[in-house]
Amino acid sequence: MNKNIVCIGAGYIGGPTMAVIAKMNPDRKVYVCDINKKRIAAWNSWNYELPIYEPGLVDVVKEVRGKNLFFTTDIKSAVKKCDIVFVGVNTPTKMFGRGAGRASDLQFWEATAREIKGYADGDKIVVEKSTLPVRTAAAMEAILNEGRGKREEGRGGEGPRFTVLSNPEFLAEGTAIKDLLSPDRVLIGGPETPEGKAAVGEICDIYAGKDGKWVARSKILTTNVWSAELTKLAANAMLAQRVSSVNALAGLCEATGADIDEVARVMGADRRIGSKFLKAGPGFGGSCFKKDVLNLVYLCETFGLHTAAEYWSGVIKMNDHQQERIVSRLFKAMFNTLANKKIAMFGFAFKADTGDTRETPAGYVARLLNEEHVRLAITDPKAIENGKRDLAGLDGITWEKDPYKAAKDADAVLLMTDWKEYPALDWGKVFKSMRKPALVFDTRNCLDAAALKRLGFRVLNVGK
Ligand code: NAD
Ligand code: UDX
């Protein structure tokens with residue numbers, strides 16, 4: 001078995017994860033492949049205009065690209081060169097047929113399994129890096145090992161043998177490099193057979209890094225394959241549930257005069273609850289939470305656990321409601337008519353420090369405002385290109401790099417993403433350029449509301 005690694009899928013997961021694996025394992029060659037030629041060209045671009053924005057990513061890529069990290073569309077030769085194959089292709093929510101709107105669309109996944117089987121000329125460890133429904137490894141194994149028979153049964157045993165492991169990724173966008181360099185834990189699920197255990201050992205060695213300089217062995221947790229697959233969905237569902245829970249309390253705070261930031265601070269001081277992931281806001285976005293909770297709902301339904309399915313569905317329902325509530329509150333605060341008013345949306349990315357707009361709350365809110373014939377000027381430091389693509393075809397939307405220009409003559413500023421640039425703006429200048437009365441709706445509670453009020457703004461927050 002050689003130590004080389006190939007990852008199929010050069011997206012938000014494949015790119016950063018493999019860059020850090022290459023950095024921490026200078027003795028291994030790491031290949032990252034994709035069918036998307038444009039994406040691979042961007043990863044290889046001379047001026048490091050990488051296809052995704054992540055703080056610290058460019059520095060890692062500069063350090064290892066061309067030395068032991070290679071981006072390529074030649075999947076065939078990369079698979080031949082490497083005995084360890086990570087699969088990090090997309091697994092979006094299925095939008096057609098059985099399970100539409102809930103189940104994972106596994107077509108890219110299955111196509112990849114068939115590709116690996118077609119190209120492999122020796123034994124391989126295949127590692128699920130994508131987030132997948134429980135028991136996907138069984139399907140993968142069936143495709144990969146189809147027709148080879150079992151050596152121990154005395155029939156077949158010819159052809160490459162594939163051992164399938166689950167190694168879900170827990171990094172969050174915006175902090176991907178930090179999360180990868182010092183993860184809370186790494187999870188590796190494998191079959192409890194001698195080959196399975198040996199394969200898990202190989203993957204543990206990757207995360208330990210060269211000379212044991214990366215992840216401490218105590219943080220590398222091993223389980224059976226099904227537990228690993230389910231843990232990823234479960235962890236995302238628990239995190240999403242916390243956001244929905246705090247947002248459900250935020251509405252009650254608004255109605256009663258309680259302050260959600262105070263409530264969250266004191267709740268979080270209880271070590272059993274913990275202080276993280278209790279920030280009320282416009283609801284969660286990103287490519288993972290909604291998709292993974294829906295996947296969990298579908299799995300519960302499939303196994304006849306209808307009450308559990310309903311429970312997890314509530315997390316999504318609350319999230320949608322939070323975005324609808326933002327528009328309702330804006331409507332009320334702007335004298336029950338939004339038509340033809342100009343609203344400057346500050347931030348379109350689903351969170352700060354990323355250009356990713358998948359499932360961004362700003363997208364849903366923008367569509368709702370568009371239905372009200374609002375003139376929307378959207379600004380974002382990193383997400384304008386993705387945002388333009390998301391809202392293509394909608395009239396009445398302009399995109400503005402400069403937040404001051406976006407706010408000029410606006411009736412309201414609607415802050416959707418907590419970019420650190422926004423609290424640092426000259427809000428006196430913003431106020432002067434706006435139509436009066438000027439409103440700021442800070443859905444992330446990241447601006448100094450008292451200071452804004454002193455300048456003359458009317459201010460709305462979430463949960464206050
Ligand atoms: P992505 O869409 O950014 O990247 C996936 C890439 O796979 C695309 O570039 C696509 O062209 C490529 N691809 C698809 N089919 C292929 C094939 N047959 N051969 C070669 N390349 C192929 O998606 P992502 O955000 O990187 O997510 C990938 C997986 O990782 C998903 O299952 C997701 O749930 C999981 N995940 C993502 C994150 C995150 O923060 N984005 C975090 C944890 C887990
Ligand atoms: C998430 C998981 O955190 C990560 O472990 C997994 O691998 C992928 O999915 P990500 O979606 O990139 O990561 O970002 P995350 O920081 O979890 O934020 C998700 C959404 O929740 C964002 O829209 C964020 O603004 C929102 N959020 C988060 C809140 O509204 N309040 C919080 O307290 C935390």
# chains A, B, ... in the order shown; residues from 1 in each chain; ligands from 1

call {"tool": "residues_near_ligand", "arguments": {"ligand": "ligand 1", "cutoff": "7 Å", "atoms": "only C-alpha atoms and all ligand atoms", "output": "number ranges by chain"}}
result
A: 8-14, 33-36, 39, 88-91, 108-109, 111-112, 129-132, 168-173, 287-288

call {"tool": "write_last_selection", "arguments": {"atoms": "N, CA and C atoms", "output": "CSV table (one decimal), in the first residue's frame"}}
result
chain,number,residue,atom,x,y,z
A,8,ILE,N,-11.6,13.0,-4.6
A,8,ILE,CA,-12.5,13.3,-5.7
A,8,ILE,C,-13.5,14.3,-5.2
A,9,GLY,N,-13.5,15.5,-5.9
A,9,GLY,CA,-14.4,16.6,-5.4
A,9,GLY,C,-13.4,17.7,-4.9
A,10,ALA,N,-13.4,18.8,-5.6
A,10,ALA,CA,-12.5,19.9,-5.2
A,10,ALA,C,-13.3,21.1,-4.8
A,11,GLY,N,-14.3,20.9,-4.0
A,11,GLY,CA,-15.1,22.0,-3.5
A,11,GLY,C,-14.7,22.6,-2.2
A,12,TYR,N,-15.7,23.0,-1.4
A,12,TYR,CA,-15.4,23.7,-0.1
A,12,TYR,C,-14.8,22.7,0.8
A,13,ILE,N,-15.1,21.4,0.7
A,13,ILE,CA,-14.5,20.4,1.5
A,13,ILE,C,-13.2,19.8,1.0
A,14,GLY,N,-13.3,19.4,-0.3
A,14,GLY,CA,-12.1,18.7,-0.9
A,14,GLY,C,-10.9,19.6,-0.9
A,33,CYS,N,-9.1,16.1,-7.4
A,33,CYS,CA,-9.6,16.0,-8.7
A,33,CYS,C,-11.1,16.5,-8.8
A,34,ASP,N,-11.4,17.0,-10.0
A,34,ASP,CA,-12.8,17.4,-10.1
A,34,ASP,C,-13.2,17.3,-11.6
A,35,ILE,N,-14.5,17.1,-11.9
A,35,ILE,CA,-14.9,17.1,-13.3
A,35,ILE,C,-15.1,18.5,-13.8
A,36,ASN,N,-15.1,19.5,-12.8
A,36,ASN,CA,-15.3,20.8,-13.2
A,36,ASN,C,-14.0,21.5,-13.6
A,39,ARG,N,-13.1,25.0,-12.1
A,39,ARG,CA,-12.8,24.9,-10.7
A,39,ARG,C,-11.3,24.5,-10.5
A,88,GLY,N,-15.2,13.5,-1.8
A,88,GLY,CA,-15.8,14.7,-1.2
A,88,GLY,C,-16.7,15.4,-2.2
A,89,VAL,N,-17.5,14.6,-3.0
A,89,VAL,CA,-18.4,15.2,-4.0
A,89,VAL,C,-19.6,15.7,-3.3
A,90,ASN,N,-20.4,16.5,-4.0
A,90,ASN,CA,-21.6,17.1,-3.4
A,90,ASN,C,-22.7,16.1,-3.3
A,91,THR,N,-23.5,16.2,-2.2
A,91,THR,CA,-24.6,15.3,-1.9
A,91,THR,C,-25.8,16.2,-1.6
A,108,PHE,N,-24.1,11.8,-7.7
A,108,PHE,CA,-22.7,12.1,-7.9
A,108,PHE,C,-21.8,11.1,-7.2
A,109,TRP,N,-22.4,10.7,-6.0
A,109,TRP,CA,-21.7,9.8,-5.2
A,109,TRP,C,-21.5,8.4,-5.9
A,111,ALA,N,-21.8,7.8,-9.1
A,111,ALA,CA,-21.0,7.9,-10.3
A,111,ALA,C,-19.5,7.8,-9.9
A,112,THR,N,-19.2,8.4,-8.8
A,112,THR,CA,-17.8,8.4,-8.4
A,112,THR,C,-17.3,7.0,-8.0
A,129,LYS,N,-15.8,11.2,2.6
A,129,LYS,CA,-15.6,12.6,3.2
A,129,LYS,C,-16.9,13.4,3.2
A,130,SER,N,-17.7,13.1,2.1
A,130,SER,CA,-19.0,13.8,2.0
A,130,SER,C,-19.9,13.3,3.1
A,131,THR,N,-20.9,14.1,3.4
A,131,THR,CA,-21.9,13.8,4.4
A,131,THR,C,-23.0,12.9,3.7
A,132,LEU,N,-23.3,11.7,4.3
A,132,LEU,CA,-24.1,10.8,3.6
A,132,LEU,C,-25.1,10.1,4.5
A,168,PRO,N,-16.3,11.7,8.2
A,168,PRO,CA,-17.0,12.9,7.9
A,168,PRO,C,-16.2,14.1,8.4
A,169,GLU,N,-16.5,15.3,7.8
A,169,GLU,CA,-15.7,16.5,8.1
A,169,GLU,C,-16.6,17.4,8.9
A,170,PHE,N,-16.0,18.0,9.9
A,170,PHE,CA,-16.7,18.9,10.8
A,170,PHE,C,-16.3,20.3,10.7
A,171,LEU,N,-15.5,20.7,9.7
A,171,LEU,CA,-15.1,22.1,9.7
A,171,LEU,C,-16.3,23.0,9.3
A,172,ALA,N,-16.2,24.2,9.8
A,172,ALA,CA,-17.2,25.2,9.4
A,172,ALA,C,-16.6,26.2,8.4
A,173,GLU,N,-17.3,26.7,7.5
A,173,GLU,CA,-16.8,27.6,6.6
A,173,GLU,C,-16.5,28.9,7.3
A,287,SER,N,-24.6,25.3,3.2
A,287,SER,CA,-25.0,24.2,2.4
A,287,SER,C,-25.4,22.9,3.3
A,288,CYS,N,-25.0,23.0,4.6
A,288,CYS,CA,-25.1,21.7,5.3
A,288,CYS,C,-26.3,21.6,6.2

call {"tool": "select_by_dssp", "arguments": {"residues": "range 249-462 of chain A", "states": "alpha helix (DSSP H)", "output": "number ranges by chain"}}
result
A: 249-256, 260-268, 289-302, 306-333, 361-371, 384-390, 403-407, 427-433, 449-455

call {"tool": "residues_near_ligand", "arguments": {"ligand": "ligand 2", "cutoff": "6 Å", "atoms": "only C-alpha atoms and all ligand atoms", "output": "PyMOL selection string"}}
result
chain A and resi 169-173+236+243+277-281+283-286+288-289+350-351

call {"tool": "write_last_selection", "arguments": {"atoms": "N, CA and C atoms", "output": "compact mmCIF listing (two decimals), in the first residue's frame"}}
result
# COMPACT_ATOMS: atom_id res chain seq x y z
N GLU A 169 -16.50 15.26 7.76
CA GLU A 169 -15.74 16.47 8.06
C GLU A 169 -16.59 17.43 8.89
N PHE A 170 -15.99 17.98 9.94
CA PHE A 170 -16.74 18.86 10.85
C PHE A 170 -16.34 20.33 10.71
N LEU A 171 -15.49 20.67 9.74
CA LEU A 171 -15.07 22.07 9.65
C LEU A 171 -16.26 22.96 9.33
N ALA A 172 -16.18 24.20 9.80
CA ALA A 172 -17.19 25.20 9.43
C ALA A 172 -16.55 26.17 8.44
N GLU A 173 -17.35 26.67 7.51
CA GLU A 173 -16.81 27.63 6.55
C GLU A 173 -16.46 28.93 7.28
N ASN A 236 -24.77 17.98 13.09
CA ASN A 236 -25.33 19.15 12.40
C ASN A 236 -26.76 19.42 12.86
N VAL A 243 -29.68 26.73 17.12
CA VAL A 243 -29.96 28.03 16.48
C VAL A 243 -31.47 28.26 16.44
N PHE A 277 -22.93 28.79 19.93
CA PHE A 277 -24.11 28.49 19.10
C PHE A 277 -25.42 28.91 19.76
N LEU A 278 -25.39 30.04 20.46
CA LEU A 278 -26.61 30.57 21.06
C LEU A 278 -26.85 31.99 20.56
N LYS A 279 -26.38 32.28 19.36
CA LYS A 279 -26.53 33.65 18.85
C LYS A 279 -27.80 33.72 18.00
N ALA A 280 -28.74 34.53 18.49
CA ALA A 280 -29.97 34.72 17.70
C ALA A 280 -29.62 35.50 16.44
N GLY A 281 -30.38 35.32 15.39
CA GLY A 281 -30.08 36.02 14.15
C GLY A 281 -31.14 35.75 13.11
N GLY A 283 -31.47 33.27 11.30
CA GLY A 283 -31.64 31.83 11.03
C GLY A 283 -30.38 31.29 10.38
N PHE A 284 -30.26 29.97 10.41
CA PHE A 284 -29.05 29.39 9.84
C PHE A 284 -29.15 29.26 8.33
N GLY A 285 -27.98 29.39 7.69
CA GLY A 285 -27.88 29.13 6.26
C GLY A 285 -26.73 28.17 6.04
N GLY A 286 -26.21 28.17 4.81
CA GLY A 286 -25.09 27.28 4.51
C GLY A 286 -25.58 26.00 3.86
N CYS A 288 -25.04 22.97 4.56
CA CYS A 288 -25.11 21.72 5.32
C CYS A 288 -26.34 21.57 6.22
N PHE A 289 -26.64 22.57 7.04
CA PHE A 289 -27.64 22.35 8.10
C PHE A 289 -28.98 21.89 7.55
N PHE A 350 -23.85 33.58 3.85
CA PHE A 350 -24.66 32.99 4.93
C PHE A 350 -24.05 33.20 6.30
N LYS A 351 -22.78 33.58 6.32
CA LYS A 351 -22.12 33.98 7.56
C LYS A 351 -20.90 34.80 7.16

call {"tool": "residues_around", "arguments": {"residues": "Glu371 in chain A", "least_positions_apart": "2", "cutoff": "12 Å", "atoms": "only C-alpha atoms", "output": "MDAnalysis selection string"}}
result
chainID A and resid 327 337:340 364:369 373:376 394:397

call {"tool": "write_last_selection", "arguments": {"atoms": "C-alpha atoms", "output": "compact mmCIF listing (two decimals), in the first residue's frame"}}
result
# COMPACT_ATOMS: atom_id res chain seq x y z
CA VAL A 327 -39.77 40.77 6.58
CA THR A 337 -45.78 49.44 2.73
CA LEU A 338 -42.48 48.54 1.19
CA ALA A 339 -43.28 49.10 -2.48
CA ASN A 340 -40.70 51.28 -4.22
CA TYR A 364 -34.86 34.07 1.07
CA VAL A 365 -35.36 37.52 2.61
CA ALA A 366 -34.31 39.20 -0.67
CA ARG A 367 -36.92 37.16 -2.56
CA LEU A 368 -39.63 38.08 -0.06
CA LEU A 369 -38.70 41.77 -0.32
CA HIS A 373 -41.49 45.53 -4.96
CA VAL A 374 -38.66 46.81 -2.80
CA ARG A 375 -35.70 48.38 -4.58
CA LEU A 376 -32.91 46.33 -3.11
CA LEU A 394 -35.20 39.18 -10.37
CA ASP A 395 -35.85 42.82 -11.28
CA GLY A 396 -35.18 45.73 -8.95
CA ILE A 397 -31.94 44.44 -7.45

call {"tool": "atom_distance", "arguments": {"atom1": "CA of Asn461 in chain A", "atom2": "CA of Gly363 in chain A"}}
result
19.1 Å

call {"tool": "closest_residue", "arguments": {"among": "A:Arg28, A:Leu252, A:Leu221, A:Leu239", "to": "Asp184 in chain A", "atoms": "only C-alpha atoms"}}
result
A:Leu221

call {"tool": "residues_around", "arguments": {"residues": "Ala344 in chain A", "least_positions_apart": "4", "cutoff": "12 Å", "atoms": "only C-alpha atoms", "output": "ChimeraX atom specification"}}
result
/A:348,362,366,369,374-380,397-416,430,433-435,438-442

call {"tool": "write_last_selection", "arguments": {"atoms": "C-alpha atoms", "output": "short mmCIF file (atom, residue, chain, number, x, y, z; two decimals), in the first residue's frame"}}
result
data_model
loop_
_atom_site.label_atom_id
_atom_site.label_comp_id
_atom_site.auth_asym_id
_atom_site.auth_seq_id
_atom_site.Cartn_x
_atom_site.Cartn_y
_atom_site.Cartn_z
CA PHE A 348 -25.40 38.35 1.49
CA ALA A 362 -30.32 36.82 2.88
CA ALA A 366 -34.31 39.20 -0.67
CA LEU A 369 -38.70 41.77 -0.32
CA VAL A 374 -38.66 46.81 -2.80
CA ARG A 375 -35.70 48.38 -4.58
CA LEU A 376 -32.91 46.33 -3.11
CA ALA A 377 -29.23 47.38 -3.13
CA ILE A 378 -27.10 44.51 -1.91
CA THR A 379 -23.53 44.79 -0.73
CA ASP A 380 -21.10 42.14 0.51
CA ILE A 397 -31.94 44.44 -7.45
CA THR A 398 -28.62 46.26 -7.72
CA TRP A 399 -25.26 45.07 -6.42
CA GLU A 400 -22.83 47.48 -4.85
CA LYS A 401 -19.30 46.76 -3.62
CA ASP A 402 -19.29 49.93 -1.50
CA PRO A 403 -21.74 49.86 1.45
CA TYR A 404 -21.91 53.68 1.52
CA LYS A 405 -23.13 53.70 -2.08
CA ALA A 406 -25.64 50.93 -1.31
CA ALA A 407 -27.08 52.98 1.57
CA LYS A 408 -27.34 56.26 -0.36
CA ASP A 409 -30.98 57.43 -0.49
CA ALA A 410 -32.13 54.19 1.16
CA ASP A 411 -35.05 54.12 3.58
CA ALA A 412 -33.51 51.28 5.57
CA VAL A 413 -30.34 49.29 6.05
CA LEU A 414 -31.00 45.60 6.62
CA LEU A 415 -27.88 43.96 8.04
CA MET A 416 -27.91 40.23 7.25
CA VAL A 430 -24.49 56.52 6.30
CA SER A 433 -26.97 59.94 2.93
CA MET A 434 -30.26 58.10 3.69
CA ARG A 435 -33.89 59.10 3.30
CA ALA A 438 -33.78 56.18 8.47
CA LEU A 439 -34.07 52.66 9.83
CA VAL A 440 -31.40 50.08 10.63
CA PHE A 441 -32.54 46.48 11.11
CA ASP A 442 -29.53 44.67 12.54
#

call {"tool": "select_by_dssp", "arguments": {"residues": "range 31-225 of chain A", "states": "strand (DSSP E or B)", "output": "ChimeraX atom specification"}}
result
/A:31-33,65,69-72,84-87,93,104,124-128,162-166,186-189,220-223

call {"tool": "decode", "arguments": {"residues": "range 118-133 of chain A", "atoms": "N, CA and C atoms", "output": "compact mmCIF listing (two decimals), in the first residue's frame"}}
result
# COMPACT_ATOMS: atom_id res chain seq x y z
N GLY A 118 -13.75 1.54 -11.96
CA GLY A 118 -13.28 1.43 -13.34
C GLY A 118 -11.78 1.68 -13.47
N TYR A 119 -11.24 2.60 -12.64
CA TYR A 119 -9.84 3.00 -12.81
C TYR A 119 -8.86 2.23 -11.92
N ALA A 120 -9.37 1.62 -10.83
CA ALA A 120 -8.45 1.04 -9.85
C ALA A 120 -7.74 -0.18 -10.42
N ASP A 121 -6.41 -0.24 -10.19
CA ASP A 121 -5.70 -1.44 -10.62
C ASP A 121 -5.01 -2.11 -9.43
N GLY A 122 -5.45 -1.77 -8.23
CA GLY A 122 -4.91 -2.40 -7.02
C GLY A 122 -5.87 -2.14 -5.86
N ASP A 123 -5.59 -2.72 -4.70
CA ASP A 123 -6.47 -2.54 -3.54
C ASP A 123 -6.51 -1.06 -3.13
N LYS A 124 -7.68 -0.62 -2.66
CA LYS A 124 -7.81 0.80 -2.27
C LYS A 124 -8.60 0.90 -0.96
N ILE A 125 -8.24 1.92 -0.19
CA ILE A 125 -9.10 2.33 0.92
C ILE A 125 -9.92 3.50 0.40
N VAL A 126 -11.24 3.37 0.46
CA VAL A 126 -12.11 4.45 -0.03
C VAL A 126 -12.74 5.12 1.19
N VAL A 127 -12.57 6.44 1.27
CA VAL A 127 -12.99 7.16 2.47
C VAL A 127 -14.12 8.12 2.14
N GLU A 128 -15.26 7.94 2.79
CA GLU A 128 -16.38 8.88 2.60
C GLU A 128 -16.04 10.16 3.35
N LYS A 129 -15.85 11.25 2.62
CA LYS A 129 -15.64 12.56 3.25
C LYS A 129 -16.94 13.36 3.16
N SER A 130 -17.70 13.11 2.10
CA SER A 130 -19.01 13.77 1.97
C SER A 130 -19.90 13.35 3.13
N THR A 131 -20.94 14.14 3.39
CA THR A 131 -21.95 13.78 4.39
C THR A 131 -22.99 12.91 3.70
N LEU A 132 -23.27 11.74 4.28
CA LEU A 132 -24.11 10.77 3.57
C LEU A 132 -25.12 10.13 4.50
N PRO A 133 -26.23 9.61 3.96
CA PRO A 133 -27.18 8.90 4.80
C PRO A 133 -26.54 7.65 5.41
